[in-house]
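*Asks:* What follows is final_39.pdb; its format and atoms are PDB, C-alpha atoms.
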```pdb
ATOM      1  CA  SER K   1      -5.601   3.756   7.551
ATOM      2  CA  THR K   2      -3.127   1.608   9.419
ATOM      3  CA  GLY K   3      -2.647  -2.100   9.811
ATOM      4  CA  ILE K   4      -0.647  -5.067   8.678
ATOM      5  CA  ALA K   5      -0.031  -6.172   5.115
ATOM      6  CA  GLY K   6       1.766  -8.623   2.919
ATOM      7  CA  GLY K   7       4.989  -7.198   1.523
ATOM      8  CA  PHE K   8       6.443  -7.735  -1.908
ATOM      9  CA  ALA K   9       9.849  -9.273  -1.306
ATOM     10  CA  PRO K  10      12.969  -7.370  -2.315
ATOM     11  CA  ASP K  11      14.756  -8.895  -5.274
ATOM     12  CA  ALA K  12      17.843 -11.027  -4.731
ATOM     13  CA  THR K  13      20.174  -8.015  -5.015
ATOM     14  CA  GLY K  14      18.171  -5.968  -2.503
ATOM     15  CA  ARG K  15      18.009  -3.148  -5.069
ATOM     16  CA  ALA K  16      15.072  -2.082  -7.182
ATOM     17  CA  ALA K  17      15.152  -1.967 -10.947
ATOM     18  CA  PRO K  18      14.424   1.492 -12.372
ATOM     19  CA  GLY K  19      10.723   2.293 -11.986
ATOM     20  CA  THR K  20      10.073  -0.498  -9.509
ATOM     21  CA  ALA K  21       9.682  -0.512  -5.745
ATOM     22  CA  PRO K  22      12.524  -1.942  -3.656
ATOM     23  CA  GLY K  23      10.254  -4.398  -1.878
ATOM     24  CA  ALA K  24       9.131  -4.555   1.720
ATOM     25  CA  PRO K  25      10.556  -7.275   3.938
ATOM     26  CA  VAL K  26       8.680  -8.748   6.893
ATOM     27  CA  GLY K  27       8.804  -6.376   9.858
ATOM     28  CA  SER K  28       9.192  -3.209   7.781
ATOM     29  CA  LEU K  29       6.836  -0.244   7.494
ATOM     30  CA  VAL K  30       5.548   1.272   4.259
ATOM     31  CA  VAL K  31       3.730   4.523   3.517
ATOM     32  CA  ALA K  32       1.375   4.625   0.536
ATOM     33  CA  ASP K  33       1.919   7.411  -1.949
ATOM     34  CA  GLU K  34      -0.705   5.611  -4.060
ATOM     35  CA  ILE K  35      -3.587   3.489  -2.794
ATOM     36  CA  THR K  36      -4.696   1.243  -5.646
ATOM     37  CA  ALA K  37      -7.511  -1.277  -6.002
ATOM     38  CA  ALA K  38      -5.484  -3.974  -7.738
ATOM     39  CA  ASP K  39      -8.333  -6.253  -8.798
ATOM     40  CA  LEU K  40     -11.200  -3.852  -9.488
ATOM     41  CA  GLY K  41     -11.974  -4.420 -13.144
ATOM     42  CA  ALA K  42     -12.393  -7.301 -15.549
ATOM     43  CA  GLU K  43     -10.372 -10.240 -16.797
ATOM     44  CA  THR K  44     -10.341 -10.386 -20.586
ATOM     45  CA  GLY K  45      -8.749 -12.602 -23.195
ATOM     46  CA  ASP K  46      -5.997  -9.991 -23.421
ATOM     47  CA  GLY K  47      -5.460  -9.747 -19.672
ATOM     48  CA  PHE K  48      -6.763  -7.656 -16.801
ATOM     49  CA  LEU K  49      -8.487  -4.312 -17.439
ATOM     50  CA  PRO K  50      -8.959  -1.900 -14.526
ATOM     51  CA  VAL K  51     -12.310  -0.113 -14.288
ATOM     52  CA  THR K  52     -10.684   3.074 -15.534
ATOM     53  CA  GLU K  53      -9.961   1.360 -18.874
ATOM     54  CA  LEU K  54     -13.531   0.087 -18.964
ATOM     55  CA  GLY K  55     -14.693   3.698 -18.899
ATOM     56  CA  PHE K  56     -15.868   4.178 -15.320
ATOM     57  CA  GLY K  57     -14.644   4.498 -11.763
ATOM     58  CA  THR K  58     -11.242   5.037 -10.311
ATOM     59  CA  VAL K  59      -8.644   2.605  -9.038
ATOM     60  CA  THR K  60      -6.089   4.907  -7.431
ATOM     61  CA  HIS K  61      -6.106   7.558  -4.747
ATOM     62  CA  ARG K  62      -3.043   9.656  -3.958
ATOM     63  CA  PRO K  63      -2.513  10.901  -0.416
ATOM     64  CA  PRO K  64      -1.166  14.466  -0.092
ATOM     65  CA  GLU K  65       2.480  14.364  -1.158
ATOM     66  CA  PRO K  66       3.782  16.660   1.623
ATOM     67  CA  LEU K  67       2.067  14.504   4.243
ATOM     68  CA  VAL K  68       3.434  11.289   2.740
ATOM     69  CA  ARG K  69       6.964  12.746   2.719
ATOM     70  CA  ALA K  70       6.665  13.926   6.324
ATOM     71  CA  ILE K  71       5.341  10.576   7.580
ATOM     72  CA  ALA K  72       8.008   8.676   5.642
ATOM     73  CA  ALA K  73      10.722  10.899   7.108
ATOM     74  CA  ALA K  74       9.369  10.492  10.640
ATOM     75  CA  THR K  75       9.085   6.698  10.400
ATOM     76  CA  GLY K  76      11.963   5.899   8.057
ATOM     77  CA  ALA K  77       9.515   3.968   5.871
ATOM     78  CA  PRO K  78       9.767   3.813   2.077
ATOM     79  CA  THR K  79       6.936   5.180  -0.020
ATOM     80  CA  GLY K  80       5.217   3.397  -2.864
ATOM     81  CA  THR K  81       1.969   1.839  -3.941
ATOM     82  CA  VAL K  82      -0.065  -0.152  -1.451
ATOM     83  CA  LEU K  83      -2.462  -2.418  -3.278
ATOM     84  CA  THR K  84      -5.926  -3.196  -1.986
ATOM     85  CA  VAL K  85      -7.002  -6.697  -2.945
ATOM     86  CA  SER K  86     -10.289  -8.480  -2.410
ATOM     87  CA  THR K  87      -8.545 -11.853  -2.196
ATOM     88  CA  VAL K  88      -5.201 -12.220  -0.463
ATOM     89  CA  THR K  89      -2.493 -13.424  -2.820
ATOM     90  CA  GLY K  90      -1.605 -17.060  -2.234
ATOM     91  CA  THR K  91       0.538 -18.048  -5.212
ATOM     92  CA  ALA K  92       3.818 -16.968  -6.742
ATOM     93  CA  ALA K  93       2.077 -16.580 -10.109
ATOM     94  CA  ARG K  94      -0.445 -14.064  -8.746
ATOM     95  CA  ALA K  95       2.282 -12.204  -6.837
ATOM     96  CA  GLY K  96       4.260 -11.958 -10.074
ATOM     97  CA  ALA K  97       1.247 -10.782 -12.050
ATOM     98  CA  LEU K  98       0.450  -8.091  -9.474
ATOM     99  CA  ARG K  99       4.056  -6.931  -9.387
ATOM    100  CA  ALA K 100       4.157  -6.817 -13.204
ATOM    101  CA  ARG K 101       0.966  -4.695 -13.336
ATOM    102  CA  HIS K 102       2.035  -2.531 -10.382
ATOM    103  CA  PRO K 103       5.846  -2.287 -10.385
ATOM    104  CA  ARG K 104       5.844   0.354  -7.619
ATOM    105  CA  ALA K 105       3.856  -1.883  -5.254
ATOM    106  CA  LEU K 106       5.403  -2.375  -1.840
ATOM    107  CA  ALA K 107       2.567  -4.221  -0.143
ATOM    108  CA  GLU K 108      -0.963  -5.563  -0.407
ATOM    109  CA  ALA K 109      -3.758  -5.180   2.127
ATOM    110  CA  MET K 110      -7.536  -5.275   2.024
ATOM    111  CA  GLU K 111      -8.864  -2.016   3.466
ATOM    112  CA  GLY K 112      -6.968   1.006   2.147
ATOM    113  CA  PHE K 113      -8.915   1.680  -1.033
ATOM    114  CA  GLY K 114     -12.236   1.596   0.842
ATOM    115  CA  VAL K 115     -10.902   4.099   3.367
ATOM    116  CA  ALA K 116      -9.588   6.267   0.513
ATOM    117  CA  GLU K 117     -12.971   6.170  -1.252
ATOM    118  CA  ALA K 118     -14.729   7.230   1.967
ATOM    119  CA  ALA K 119     -12.216  10.032   2.524
ATOM    120  CA  ALA K 120     -12.611  11.266  -1.059
ATOM    121  CA  SER K 121     -16.386  11.276  -0.782
ATOM    122  CA  HIS K 122     -16.096  13.559   2.264
ATOM    123  CA  GLY K 123     -13.341  15.749   0.817
ATOM    124  CA  VAL K 124     -10.747  14.826   3.435
ATOM    125  CA  PRO K 125      -7.165  13.652   2.856
ATOM    126  CA  VAL K 126      -6.197  10.024   3.261
ATOM    127  CA  LEU K 127      -3.020   8.320   4.441
ATOM    128  CA  GLU K 128      -2.098   4.632   4.617
ATOM    129  CA  LEU K 129       0.643   3.212   6.856
ATOM    130  CA  ARG K 130       1.256  -0.545   6.870
ATOM    131  CA  ALA K 131       3.585  -2.935   8.659
ATOM    132  CA  VAL K 132       4.571  -6.074   6.791
ATOM    133  CA  SER K 133       3.627  -9.324   8.530
ATOM    134  CA  ASN K 134       4.253 -11.768   5.700
ATOM    135  CA  PRO K 135       5.541 -11.945   2.148
ATOM    136  CA  VAL K 136       3.099 -11.670  -0.749
ATOM    137  CA  GLY K 137       2.949 -15.027  -2.497
ATOM    138  CA  PRO K 138       2.503 -18.652  -1.491
ATOM    139  CA  ARG K 139       0.685 -18.911   1.833
ATOM    140  CA  ASP K 140       3.013 -20.080   4.590
ATOM    141  CA  ARG K 141       1.414 -19.362   7.951
ATOM    142  CA  ALA K 142       4.591 -20.468   9.716
ATOM    143  CA  ALA K 143       6.370 -17.483   8.112
ATOM    144  CA  TRP K 144       3.828 -14.912   9.311
ATOM    145  CA  ARG K 145       5.161 -12.479  11.922
ATOM    146  CA  ILE K 146       2.007 -10.693  13.015
ATOM    147  CA  GLY K 147       3.388  -9.818  16.456
ATOM    148  CA  ASP K 148       6.538  -8.300  14.960
ATOM    149  CA  ALA K 149       4.469  -6.358  12.428
ATOM    150  CA  LEU K 150       2.144  -5.007  15.119
ATOM    151  CA  ALA K 151       5.148  -3.955  17.208
ATOM    152  CA  ALA K 152       6.645  -2.141  14.185
ATOM    153  CA  LEU K 153       3.288  -0.538  13.466
ATOM    154  CA  THR K 154       2.910   0.608  17.069
ATOM    155  CA  GLU K 155       6.378   2.175  17.037
ATOM    156  CA  GLY K 156       5.842   3.769  13.627
ATOM    157  CA  PHE K 157       2.388   5.036  14.490
ATOM    158  CA  GLY K 158       3.807   6.718  17.597
ATOM    159  CA  LYS K 159       6.203   8.632  15.356
ATOM    160  CA  THR K 160       3.341   9.907  13.206
ATOM    161  CA  ALA K 161       1.521  11.748  15.992
ATOM    162  CA  PRO K 162       3.699  14.900  15.925
ATOM    163  CA  VAL K 163       3.467  15.037  12.128
ATOM    164  CA  LEU K 164      -0.307  14.651  12.102
ATOM    165  CA  GLU K 165      -0.763  17.169  14.916
ATOM    166  CA  SER K 166       1.317  19.803  13.117
ATOM    167  CA  TRP K 167       0.130  19.122   9.562
ATOM    168  CA  ASN K 168      -2.200  21.705   8.067
ATOM    169  CA  PRO K 169      -3.591  20.817   4.644
ATOM    170  CA  HIS K 170      -4.564  24.451   4.080
ATOM    171  CA  GLU K 171      -0.895  25.512   4.010
ATOM    172  CA  LEU K 172      -0.227  23.569   0.800
TER     173      LEU K 172
END
```
I need this file expressed as structure tokens, please.
*Replies:*
Amino acid sequence: STGIAGGFAPDATGRAAPGTAPGAPVGSLVVADEITAADLGAETGDGFLPVTELGFGTVTHRPPEPLVRAIAAATGAPTGTVLTVSTVTGTAARAGALRARHPRALAEAMEGFGVAEAAASHGVPVLELRAVSNPVGPRDRAAWRIGDALAALTEGFGKTAPVLESWNPHEL
């Protein structure tokens, strides 16, 4: 699954706190080592509960680790969680809440979890590569860089072809 996404901004120091993702600036690529449905669950008086805590379903798929490492090495992209959301984040408060619940999140998109569910139902591996077109948070269409993100995605996707052509999941 490839496409554009909103990226969680790096912190002011440019470094990640232990256990958190470094962030994904506009124009960068990210490779999902976890594909997570960020808002599949229920809001309660005590906060959000994912469907797994409600006793059914799954919210995370993990692409094959050797494939993720190989794609990240080929593209130079960091690895981390890519969130799938049903509503694009448009406020700083929601961006903060998502980052607090998913500290390894690099980006949010809308399609990855659906692709991962389809792949799982057919017993095939999944991979998600995203290029960041805008920051996650308050909507500012003037800050979107869709063309730059698509150019980065095109370049990165070209680098994945040799990895995908040589990868054999049966050698794991």
*Asks:* Mind listing whatever residues come within 10 Å of the point (2.6, 16.4, 11.1)? Use all atoms listed in the file, file coordinates, and give them as JSON, numbers by chain.
*Replies:* {"K": [66, 67, 68, 70, 71, 74, 159, 160, 161, 162, 163, 164, 165, 166, 167, 168, 169]}
*Asks:* Between K:Thr91, K:Thr2, K:Ser121, K:Ser86, single out the one closest to Val31 of chain K, counting all atoms listed in the file.
*Replies:* K:Thr2
*Asks:* State, in Å with one decimal place, the distance from atom CA of Gly23 of chain K to atom CA of Ser133 of chain K.
*Replies:* 13.3 Å
*Asks:* Could you tell me, as a compact mmCIF listing (two decimals) with C-alpha atoms, keeping the file's coordinate frame, exactly which residues end up selected when the PyMOL selection byres ((chain K and resi 134) around 7) is applied to this structure?
*Replies:*
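Result went into result.txt, see below:
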```
# COMPACT_ATOMS: atom_id res chain seq x y z
CA GLY K 6 1.77 -8.62 2.92
CA GLY K 7 4.99 -7.20 1.52
CA VAL K 26 8.68 -8.75 6.89
CA VAL K 132 4.57 -6.07 6.79
CA SER K 133 3.63 -9.32 8.53
CA PRO K 135 5.54 -11.94 2.15
CA VAL K 136 3.10 -11.67 -0.75
CA ALA K 143 6.37 -17.48 8.11
CA TRP K 144 3.83 -14.91 9.31
CA ARG K 145 5.16 -12.48 11.92
```
*Asks:* Please, what distance in Å, to one decimal, runs between atom CA of Leu106 of chain K and atom CA of Ala93 of chain K?
*Replies:*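 A separation of 16.8 Å between them.
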*Asks:* So what does the PyMOL selection byres ((chain K and resi 38-41) around 9) actually pick up in this one, as a list in words?
*Replies:* Thr36, Ala37, Ala42, Glu43, Phe48, Leu49, Pro50, Val51, Thr52, Glu53, Leu54, Thr58, Val59, Thr60, Leu83, Thr84, Val85, Ser86, Thr87, Leu98, Arg101, His102 and Glu108 of chain K
*Asks:* With C-alpha atoms kept, could you save the residues just selected as an mmCIF file, keeping the file's coordinate frame?
*Replies:*
```cif
data_model
loop_
_atom_site.group_PDB
_atom_site.id
_atom_site.type_symbol
_atom_site.label_atom_id
_atom_site.label_comp_id
_atom_site.auth_asym_id
_atom_site.auth_seq_id
_atom_site.Cartn_x
_atom_site.Cartn_y
_atom_site.Cartn_z
ATOM 1 C CA THR K 36 -4.696 1.243 -5.646
ATOM 2 C CA ALA K 37 -7.511 -1.277 -6.002
ATOM 3 C CA ALA K 42 -12.393 -7.301 -15.549
ATOM 4 C CA GLU K 43 -10.372 -10.240 -16.797
ATOM 5 C CA PHE K 48 -6.763 -7.656 -16.801
ATOM 6 C CA LEU K 49 -8.487 -4.312 -17.439
ATOM 7 C CA PRO K 50 -8.959 -1.900 -14.526
ATOM 8 C CA VAL K 51 -12.310 -0.113 -14.288
ATOM 9 C CA THR K 52 -10.684 3.074 -15.534
ATOM 10 C CA GLU K 53 -9.961 1.360 -18.874
ATOM 11 C CA LEU K 54 -13.531 0.087 -18.964
ATOM 12 C CA THR K 58 -11.242 5.037 -10.311
ATOM 13 C CA VAL K 59 -8.644 2.605 -9.038
ATOM 14 C CA THR K 60 -6.089 4.907 -7.431
ATOM 15 C CA LEU K 83 -2.462 -2.418 -3.278
ATOM 16 C CA THR K 84 -5.926 -3.196 -1.986
ATOM 17 C CA VAL K 85 -7.002 -6.697 -2.945
ATOM 18 C CA SER K 86 -10.289 -8.480 -2.410
ATOM 19 C CA THR K 87 -8.545 -11.853 -2.196
ATOM 20 C CA LEU K 98 0.450 -8.091 -9.474
ATOM 21 C CA ARG K 101 0.966 -4.695 -13.336
ATOM 22 C CA HIS K 102 2.035 -2.531 -10.382
ATOM 23 C CA GLU K 108 -0.963 -5.563 -0.407
#
```
*Asks:* If we count all atoms listed in the file, what is near segment 112-115 of chain K at a cut-off of 7 Å, once residues fewer than 2 positions away on the same chain are taken out, given as a PyMOL selection string?
*Replies:* chain K and resi 1+35-37+84+109-110+117-119+128
*Asks:* Please, what distance in Å, to one decimal, runs between atom CA of Gly147 of chain K and atom CA of Leu29 of chain K?
*Replies:*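 Value for the atom CA of Gly147 of chain K-atom CA of Leu29 of chain K distance: 13.6 Å.
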*Asks:* Nearest residue to Gly27 of chain K out of K:Val88, K:Ala142, K:Ala5, K:Ala97, using all atoms listed in the file?
*Replies:*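 Looking at the shortest contact to Gly27 of chain K, the residue is K:Ala5.
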*Asks:* Taking all atoms listed in the file into account, which of K:His122, K:Arg139, K:His61, K:Arg130 comes nearest Glu155 of chain K?
*Replies:*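 Closest to Glu155 of chain K of all the choices is K:Arg130.
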*Asks:* Between K:Gly76, K:Gly47, K:Gly57, K:Pro10, which residue has the minimum interatomic distance to Gly156 of chain K, considering only C-alpha atoms?
*Replies:*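 For Gly156 of chain K, the nearest of the given residues is K:Gly76.
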